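File shown: query_4.pdb. Contents: PDB, C-alpha atoms and all ligand atoms.
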```pdb
ATOM      1  CA  MET A 133      12.205 -13.994 -18.616
ATOM      2  CA  LYS A 134      10.990 -16.977 -20.574
ATOM      3  CA  ILE A 135       8.547 -19.213 -18.696
ATOM      4  CA  LEU A 136       7.534 -22.686 -19.846
ATOM      5  CA  ALA A 137       3.960 -23.465 -18.794
ATOM      6  CA  LEU A 138       3.659 -27.262 -18.745
ATOM      7  CA  GLN A 139      -0.005 -28.312 -18.807
ATOM      8  CA  GLY A 140      -0.159 -31.885 -17.524
ATOM      9  CA  SER A 141      -3.888 -32.599 -17.747
ATOM     10  CA  PRO A 142      -5.155 -34.600 -20.720
ATOM     11  CA  ARG A 143      -8.254 -32.368 -20.650
ATOM     12  CA  LYS A 144      -7.302 -29.433 -22.803
ATOM     13  CA  LYS A 145      -9.994 -27.130 -21.414
ATOM     14  CA  GLY A 146     -10.199 -28.570 -17.912
ATOM     15  CA  ASN A 147      -9.628 -27.107 -14.463
ATOM     16  CA  THR A 148      -5.850 -27.254 -14.518
ATOM     17  CA  ASN A 149      -5.776 -25.409 -17.808
ATOM     18  CA  ARG A 150      -8.136 -22.729 -16.461
ATOM     19  CA  VAL A 151      -5.986 -22.068 -13.391
ATOM     20  CA  LEU A 152      -2.779 -22.225 -15.418
ATOM     21  CA  ASP A 153      -4.084 -19.618 -17.857
ATOM     22  CA  GLU A 154      -4.703 -17.266 -14.952
ATOM     23  CA  MET A 155      -1.125 -17.732 -13.717
ATOM     24  CA  ILE A 156       0.104 -17.156 -17.262
ATOM     25  CA  LYS A 157      -1.907 -13.919 -17.402
ATOM     26  CA  GLY A 158      -0.222 -12.698 -14.212
ATOM     27  CA  ALA A 159       3.225 -13.453 -15.620
ATOM     28  CA  GLU A 160       2.435 -11.924 -19.032
ATOM     29  CA  ASP A 161       1.196  -8.750 -17.364
ATOM     30  CA  ASN A 162       4.660  -8.517 -15.815
ATOM     31  CA  GLY A 163       6.221  -8.633 -19.273
ATOM     32  CA  HIS A 164       7.379 -12.241 -19.285
ATOM     33  CA  GLU A 165       7.360 -14.450 -22.371
ATOM     34  CA  ILE A 166       5.289 -17.605 -21.928
ATOM     35  CA  LYS A 167       5.518 -20.803 -23.940
ATOM     36  CA  LYS A 168       2.687 -23.161 -23.118
ATOM     37  CA  TYR A 169       2.982 -26.900 -23.722
ATOM     38  CA  PHE A 170       0.006 -29.272 -23.701
ATOM     39  CA  LEU A 171       1.982 -32.321 -22.624
ATOM     40  CA  ASN A 172      -0.665 -34.857 -23.639
ATOM     41  CA  SER A 173      -0.233 -34.099 -27.337
ATOM     42  CA  LEU A 174       3.552 -34.108 -27.310
ATOM     43  CA  ASP A 175       6.017 -36.843 -28.058
ATOM     44  CA  ILE A 176       7.936 -37.177 -24.780
ATOM     45  CA  SER A 177       9.793 -40.406 -24.086
ATOM     46  CA  PRO A 178      10.182 -41.451 -20.481
ATOM     47  CA  CYS A 179      13.742 -41.357 -19.122
ATOM     48  CA  ASN A 180      15.266 -44.803 -19.581
ATOM     49  CA  GLY A 181      18.073 -44.369 -17.069
ATOM     50  CA  CYS A 182      20.903 -44.750 -19.604
ATOM     51  CA  GLU A 183      23.040 -42.228 -17.643
ATOM     52  CA  ARG A 184      24.488 -40.625 -20.799
ATOM     53  CA  CYS A 185      23.801 -37.288 -19.103
ATOM     54  CA  ALA A 186      26.183 -38.206 -16.256
ATOM     55  CA  LYS A 187      28.990 -38.162 -18.842
ATOM     56  CA  GLY A 188      28.093 -34.627 -19.926
ATOM     57  CA  LYS A 189      26.208 -35.822 -23.016
ATOM     58  CA  ASP A 190      22.824 -34.640 -24.220
ATOM     59  CA  CYS A 191      19.817 -36.850 -23.567
ATOM     60  CA  GLN A 192      19.496 -39.525 -26.237
ATOM     61  CA  PHE A 193      15.887 -38.555 -26.963
ATOM     62  CA  GLU A 194      15.491 -35.893 -29.638
ATOM     63  CA  ASP A 195      11.770 -35.456 -29.070
ATOM     64  CA  ASP A 196       9.424 -32.718 -27.848
ATOM     65  CA  GLY A 197      10.785 -33.325 -24.346
ATOM     66  CA  ALA A 198      14.222 -32.242 -25.584
ATOM     67  CA  GLU A 199      12.748 -28.921 -26.744
ATOM     68  CA  ILE A 200      11.489 -28.299 -23.202
ATOM     69  CA  ILE A 201      14.625 -29.551 -21.462
ATOM     70  CA  ASN A 202      16.964 -27.531 -23.700
ATOM     71  CA  GLN A 203      15.134 -24.328 -22.809
ATOM     72  CA  LEU A 204      15.311 -25.144 -19.090
ATOM     73  CA  ALA A 205      19.049 -25.738 -19.431
ATOM     74  CA  ASP A 206      19.236 -22.324 -21.116
ATOM     75  CA  GLY A 207      17.694 -20.623 -18.069
ATOM     76  CA  ALA A 208      13.947 -20.745 -18.694
ATOM     77  CA  SER A 209      11.582 -20.730 -15.727
ATOM     78  CA  VAL A 210       8.775 -23.242 -15.365
ATOM     79  CA  ILE A 211       5.197 -23.684 -14.191
ATOM     80  CA  LEU A 212       4.244 -27.341 -13.752
ATOM     81  CA  ALA A 213       0.466 -27.782 -13.674
ATOM     82  CA  SER A 214      -1.314 -31.090 -13.135
ATOM     83  CA  PRO A 215      -4.484 -32.591 -11.765
ATOM     84  CA  ILE A 216      -4.097 -35.118  -8.980
ATOM     85  CA  TYR A 217      -4.572 -38.640 -10.329
ATOM     86  CA  PHE A 218      -4.648 -41.262  -7.575
ATOM     87  CA  GLY A 219      -2.812 -38.971  -5.199
ATOM     88  CA  GLN A 220      -0.039 -37.846  -7.556
ATOM     89  CA  MET A 221       0.633 -35.824 -10.697
ATOM     90  CA  THR A 222      -0.460 -37.302 -14.034
ATOM     91  CA  ALA A 223       1.801 -39.598 -16.018
ATOM     92  CA  GLN A 224       2.128 -36.848 -18.643
ATOM     93  CA  ALA A 225       3.549 -34.453 -16.029
ATOM     94  CA  LYS A 226       5.802 -37.043 -14.388
ATOM     95  CA  THR A 227       7.298 -38.044 -17.724
ATOM     96  CA  ILE A 228       8.727 -34.586 -18.320
ATOM     97  CA  VAL A 229       9.765 -34.228 -14.661
ATOM     98  CA  ASP A 230      11.869 -37.386 -14.981
ATOM     99  CA  ARG A 231      13.567 -35.838 -18.009
ATOM    100  CA  PHE A 232      14.768 -33.011 -15.681
ATOM    101  CA  TYR A 233      17.371 -35.651 -14.693
ATOM    102  CA  SER A 234      19.225 -34.933 -17.931
ATOM    103  CA  ILE A 235      20.033 -31.482 -16.509
ATOM    104  CA  PHE A 236      20.400 -32.412 -12.824
ATOM    105  CA  ASN A 237      22.679 -35.341 -13.656
ATOM    106  CA  ASN A 238      24.777 -33.542 -16.279
ATOM    107  CA  PRO A 239      27.922 -31.918 -14.804
ATOM    108  CA  ASP A 240      27.853 -29.251 -17.538
ATOM    109  CA  LYS A 241      24.209 -28.197 -17.223
ATOM    110  CA  LYS A 242      22.140 -26.384 -14.667
ATOM    111  CA  PHE A 243      18.773 -24.762 -14.145
ATOM    112  CA  ASP A 244      18.588 -21.016 -13.658
ATOM    113  CA  GLY A 245      15.140 -19.516 -13.279
ATOM    114  CA  LYS A 246      12.056 -19.664 -11.129
ATOM    115  CA  ALA A 247       9.413 -22.358 -10.626
ATOM    116  CA  ALA A 248       5.867 -22.812  -9.386
ATOM    117  CA  MET A 249       3.347 -25.646  -9.438
ATOM    118  CA  ILE A 250      -0.409 -25.993  -9.703
ATOM    119  CA  PHE A 251      -2.335 -29.036  -8.510
ATOM    120  CA  THR A 252      -6.082 -29.426  -8.972
ATOM    121  CA  HIS A 253      -8.193 -32.183  -7.459
ATOM    122  CA  ALA A 254     -11.773 -33.205  -6.795
ATOM    123  CA  PHE A 255     -11.447 -34.019  -3.095
ATOM    124  CA  PRO A 256     -12.498 -30.907  -1.157
ATOM    125  CA  ASP A 257      -9.998 -31.401   1.682
ATOM    126  CA  LYS A 258      -6.479 -30.063   1.163
ATOM    127  CA  ASP A 259      -4.741 -31.868   4.032
ATOM    128  CA  ILE A 260      -4.360 -35.331   2.518
ATOM    129  CA  TYR A 261      -2.298 -34.191  -0.486
ATOM    130  CA  GLN A 262       0.070 -31.945   1.479
ATOM    131  CA  PRO A 263       2.701 -34.679   2.076
ATOM    132  CA  TYR A 264       2.799 -35.408  -1.666
ATOM    133  CA  ILE A 265       2.933 -31.726  -2.569
ATOM    134  CA  LYS A 266       5.753 -31.046  -0.076
ATOM    135  CA  LEU A 267       7.684 -34.031  -1.433
ATOM    136  CA  THR A 268       7.246 -32.795  -5.012
ATOM    137  CA  GLU A 269       8.405 -29.309  -4.082
ATOM    138  CA  ALA A 270      11.510 -30.925  -2.559
ATOM    139  CA  GLN A 271      12.105 -33.312  -5.445
ATOM    140  CA  PRO A 272      12.789 -32.235  -8.073
ATOM    141  CA  PHE A 273      12.527 -28.501  -7.402
ATOM    142  CA  LEU A 274      14.266 -27.610  -4.123
ATOM    143  CA  ASN A 275      16.724 -30.495  -3.924
ATOM    144  CA  ASN A 276      17.551 -31.230  -7.551
ATOM    145  CA  THR A 277      17.421 -27.922  -9.393
ATOM    146  CA  GLU A 278      18.853 -24.448  -8.938
ATOM    147  CA  LEU A 279      15.400 -22.989  -9.623
ATOM    148  CA  GLU A 280      14.096 -20.395  -7.187
ATOM    149  CA  TYR A 281      10.859 -21.949  -5.990
ATOM    150  CA  ILE A 282       7.970 -19.516  -5.694
ATOM    151  CA  GLU A 283       4.898 -21.388  -4.480
ATOM    152  CA  THR A 284       2.475 -24.238  -5.091
ATOM    153  CA  LEU A 285      -1.190 -23.485  -5.714
ATOM    154  CA  GLU A 286      -3.502 -26.341  -4.707
ATOM    155  CA  VAL A 287      -7.050 -26.017  -6.011
ATOM    156  CA  ALA A 288      -9.375 -28.416  -4.172
ATOM    157  CA  GLY A 289     -12.943 -29.484  -4.883
ATOM    158  CA  VAL A 290     -12.868 -29.148  -8.668
ATOM    159  CA  LYS A 291     -13.986 -32.175 -10.666
ATOM    160  CA  GLU A 292     -16.029 -31.432 -13.760
ATOM    161  CA  ILE A 293     -14.760 -29.219 -16.558
ATOM    162  CA  GLY A 294     -15.782 -25.684 -15.657
ATOM    163  CA  ASP A 295     -15.642 -26.126 -11.866
ATOM    164  CA  ALA A 296     -12.531 -23.960 -11.630
ATOM    165  CA  ASP A 297     -14.516 -21.015 -13.019
ATOM    166  CA  ASN A 298     -16.168 -20.819  -9.586
ATOM    167  CA  ALA A 299     -12.898 -20.984  -7.636
ATOM    168  CA  GLU A 300     -12.525 -17.220  -7.654
ATOM    169  CA  ASP A 301     -10.085 -17.005  -4.734
ATOM    170  CA  ASP A 302      -7.803 -19.583  -6.320
ATOM    171  CA  LEU A 303      -7.945 -17.873  -9.717
ATOM    172  CA  LYS A 304      -6.870 -14.662  -8.011
ATOM    173  CA  LYS A 305      -4.059 -16.513  -6.214
ATOM    174  CA  ALA A 306      -2.956 -18.005  -9.546
ATOM    175  CA  TYR A 307      -2.708 -14.540 -11.083
ATOM    176  CA  ASP A 308      -0.758 -13.273  -8.052
ATOM    177  CA  ILE A 309       1.741 -16.155  -8.234
ATOM    178  CA  GLY A 310       2.176 -15.413 -11.957
ATOM    179  CA  GLN A 311       3.104 -11.876 -10.997
ATOM    180  CA  LYS A 312       5.923 -13.191  -8.779
ATOM    181  CA  PHE A 313       7.944 -14.459 -11.730
TER     182      PHE A 313
HETATM  183  C1  LIG B   1      -7.703 -41.154 -13.412
HETATM  184  C2  LIG B   1      -8.170 -40.091 -12.455
HETATM  185  C3  LIG B   1      -7.724 -40.149 -11.146
HETATM  186  C4  LIG B   1      -8.116 -39.169 -10.227
HETATM  187  N1  LIG B   1      -7.649 -39.235  -8.941
HETATM  188  C5  LIG B   1      -8.024 -38.281  -8.059
HETATM  189  C6  LIG B   1      -7.548 -38.336  -6.711
HETATM  190  O1  LIG B   1      -6.786 -39.194  -6.312
HETATM  191  N2  LIG B   1      -7.983 -37.369  -5.858
HETATM  192  C7  LIG B   1      -8.846 -36.370  -6.246
HETATM  193  O2  LIG B   1      -9.197 -35.524  -5.416
HETATM  194  N3  LIG B   1      -9.274 -36.282  -7.531
HETATM  195  C8  LIG B   1      -8.888 -37.212  -8.439
HETATM  196  N4  LIG B   1      -9.323 -37.131  -9.744
HETATM  197  C9  LIG B   1     -10.124 -35.958 -10.167
HETATM  198  C10 LIG B   1      -9.287 -34.882 -10.829
HETATM  199  O3  LIG B   1      -8.154 -34.543 -10.083
HETATM  200  C11 LIG B   1     -10.141 -33.630 -11.023
HETATM  201  O4  LIG B   1     -11.268 -33.937 -11.813
HETATM  202  C12 LIG B   1      -9.371 -32.497 -11.674
HETATM  203  O5  LIG B   1     -10.123 -31.302 -11.595
HETATM  204  C13 LIG B   1      -9.084 -32.787 -13.134
HETATM  205  O6  LIG B   1      -8.380 -31.720 -13.679
HETATM  206  P1  LIG B   1      -8.569 -31.295 -15.217
HETATM  207  O7  LIG B   1      -9.979 -30.762 -15.339
HETATM  208  O8  LIG B   1      -7.537 -30.271 -15.437
HETATM  209  O9  LIG B   1      -8.337 -32.513 -16.020
HETATM  210  C14 LIG B   1      -8.965 -38.100 -10.664
HETATM  211  C15 LIG B   1      -9.409 -38.069 -11.996
HETATM  212  C16 LIG B   1      -9.031 -39.045 -12.875
HETATM  213  C17 LIG B   1      -9.504 -38.989 -14.314
END
```

Target format structure tokens, applied to this file:
Amino acid sequence: MKILALQGSPRKKGNTNRVLDEMIKGAEDNGHEIKKYFLNSLDISPCNGCERCAKGKDCQFEDDGAEIINQLADGASVILASPIYFGQMTAQAKTIVDRFYSIFNNPDKKFDGKAAMIFTHAFPDKDIYQPYIKLTEAQPFLNNTELEYIETLEVAGVKEIGDADNAEDDLKKAYDIGQKF
């Protein structure tokens, strides 16, 4: 299967990227084709709520976001990876998530693949972000897509670039989740 790996950190070689690459390795070792997108360098307009999609029309934006969305509408799977910024995913990640609406809201389009998420954050405690992570699993993934949801990997206590190199258990978990695609 084709898997889109959406890297939502603006730090190209940061912790999210490190963990994502491990998940990609797991999926590649299972024979899947991965297309990785560094969202921060792409031209992705935020959804402007025009509701064209509700009428069965393509999204008005013919940008890099459309390239991602068109593949999802063609059955690609997805890994959404983001650091936690002020308790939520980054703006770069949320911008493409909002564009999922152009599939969800279009009567002629649907998702058809698998999904997983990665969140990294500096705070060492995992409990406080669980409500946000559960909500994000529900919306968009469980409630608004037909994607089969695999799992979320939360990597806590990583702040500086390179910290994730020491998160051996989480790197192993990332690989294992990649193998579930
Ligand atoms: C603007 C900003 C907001 C952040 N907010 C949080 C936060 O709310 N909770 C937290 O634990 N870490 C927070 N962090 C730390 C990052 O989540 C952490 O450094 C993460 O490892 C960055 O991932 P990256 O290396 O992939 O960019 C924040 C960092 C930045 C730059």

Applied to this file, what does the PyMOL selection byres (((not hetatm)) within 10 of (chain B and resi 1)) return in terms of residues, put as a short mmCIF file (atom, residue, chain, number, x, y, z; two decimals) with C-alpha atoms, keeping the file's coordinate frame?
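File written: out_0.cif
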```
data_model
loop_
_atom_site.label_atom_id
_atom_site.label_comp_id
_atom_site.auth_asym_id
_atom_site.auth_seq_id
_atom_site.Cartn_x
_atom_site.Cartn_y
_atom_site.Cartn_z
CA GLN A 139 0.00 -28.31 -18.81
CA GLY A 140 -0.16 -31.88 -17.52
CA SER A 141 -3.89 -32.60 -17.75
CA PRO A 142 -5.16 -34.60 -20.72
CA ARG A 143 -8.25 -32.37 -20.65
CA LYS A 144 -7.30 -29.43 -22.80
CA LYS A 145 -9.99 -27.13 -21.41
CA GLY A 146 -10.20 -28.57 -17.91
CA ASN A 147 -9.63 -27.11 -14.46
CA THR A 148 -5.85 -27.25 -14.52
CA ASN A 149 -5.78 -25.41 -17.81
CA ARG A 150 -8.14 -22.73 -16.46
CA VAL A 151 -5.99 -22.07 -13.39
CA LEU A 152 -2.78 -22.22 -15.42
CA ALA A 213 0.47 -27.78 -13.67
CA SER A 214 -1.31 -31.09 -13.14
CA PRO A 215 -4.48 -32.59 -11.76
CA ILE A 216 -4.10 -35.12 -8.98
CA TYR A 217 -4.57 -38.64 -10.33
CA PHE A 218 -4.65 -41.26 -7.58
CA GLY A 219 -2.81 -38.97 -5.20
CA GLN A 220 -0.04 -37.85 -7.56
CA MET A 221 0.63 -35.82 -10.70
CA THR A 222 -0.46 -37.30 -14.03
CA ALA A 223 1.80 -39.60 -16.02
CA PHE A 251 -2.34 -29.04 -8.51
CA THR A 252 -6.08 -29.43 -8.97
CA HIS A 253 -8.19 -32.18 -7.46
CA ALA A 254 -11.77 -33.20 -6.80
CA PHE A 255 -11.45 -34.02 -3.10
CA PRO A 256 -12.50 -30.91 -1.16
CA ASP A 257 -10.00 -31.40 1.68
CA LYS A 258 -6.48 -30.06 1.16
CA ILE A 260 -4.36 -35.33 2.52
CA TYR A 261 -2.30 -34.19 -0.49
CA VAL A 287 -7.05 -26.02 -6.01
CA ALA A 288 -9.38 -28.42 -4.17
CA GLY A 289 -12.94 -29.48 -4.88
CA VAL A 290 -12.87 -29.15 -8.67
CA LYS A 291 -13.99 -32.17 -10.67
CA GLU A 292 -16.03 -31.43 -13.76
CA ILE A 293 -14.76 -29.22 -16.56
CA GLY A 294 -15.78 -25.68 -15.66
CA ASP A 295 -15.64 -26.13 -11.87
CA ALA A 296 -12.53 -23.96 -11.63
#
```

Which residue of A:Asp190, A:Lys134, A:Glu269, A:Asn237 approaches A:Ile156 most closely, using all atoms listed in the file: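 Selected residue with least distance to A:Ile156: A:Lys134.
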
Quick one: distance from atom CA of A:Asp196 to atom CA of A:Asn172 in Å, one decimal?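 Taking atom CA of A:Asp196 and atom CA of A:Asn172, their separation equals 11.1 Å.
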
Matched chain/residue IDs from the PyMOL selection byres (((chain A and resi 306) around 7) and not hetatm), as a PyMOL selection string: chain A and resi 151+154-155+285+302-305+307-310

Translate the PyMOL selection byres (((chain A and resi 175-182) around 9) and not hetatm), as applied to the file shown, into an explicit residue set as a ChimeraX atom specification. /A:171-174,183-185,191-193,195-198,224,226-228,230-231,233-234

In Å, how far is it from atom CA of A:Pro263 to atom CA of A:Ala248? 16.8 Å

Write out as JSON lines a residue-level contact list of stretch 162-207 of chain A versus stretch 272-284 of chain A with cut-off 12 Å: for each qualifying residue the closest pair of atoms and the distance in Å to one decimal, counting all atoms listed in the file, rows sorted by chain and residue number upward.
```
{"residue": "A:Leu204", "atom": "CA", "partner": "A:Leu279", "partner_atom": "CA", "distance": 9.7}
{"residue": "A:Ala205", "atom": "CA", "partner": "A:Thr277", "partner_atom": "CA", "distance": 10.4}
{"residue": "A:Gly207", "atom": "CA", "partner": "A:Leu279", "partner_atom": "CA", "distance": 9.1}
```

Report the distance between atom CA of A:Glu286 and atom CA of A:Asp161 in Å, rounded to one decimal place.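 Pair atom CA of A:Glu286 / atom CA of A:Asp161 returns 22.2 Å.
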
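With all atoms listed in the file as the atoms that count, the minimum distance from A:Lys242 to the choices A:Ile265, A:Ile201, A:Leu212, A:Ala225 is reached by A:Ile201.
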
Counting all atoms listed in the file, the residue of A:Thr268, A:Ala208, A:Ala137, A:Ile200 that sits nearest A:Asp244: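 Checking each of A:Thr268, A:Ala208, A:Ala137, A:Ile200 against A:Asp244, counting all atoms listed in the file, the winner is A:Ala208.
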
Could you check which of A:Asn202, A:Gln262, A:Lys312, A:Lys187 is closest to A:Met133, using all atoms listed in the file? A:Lys312
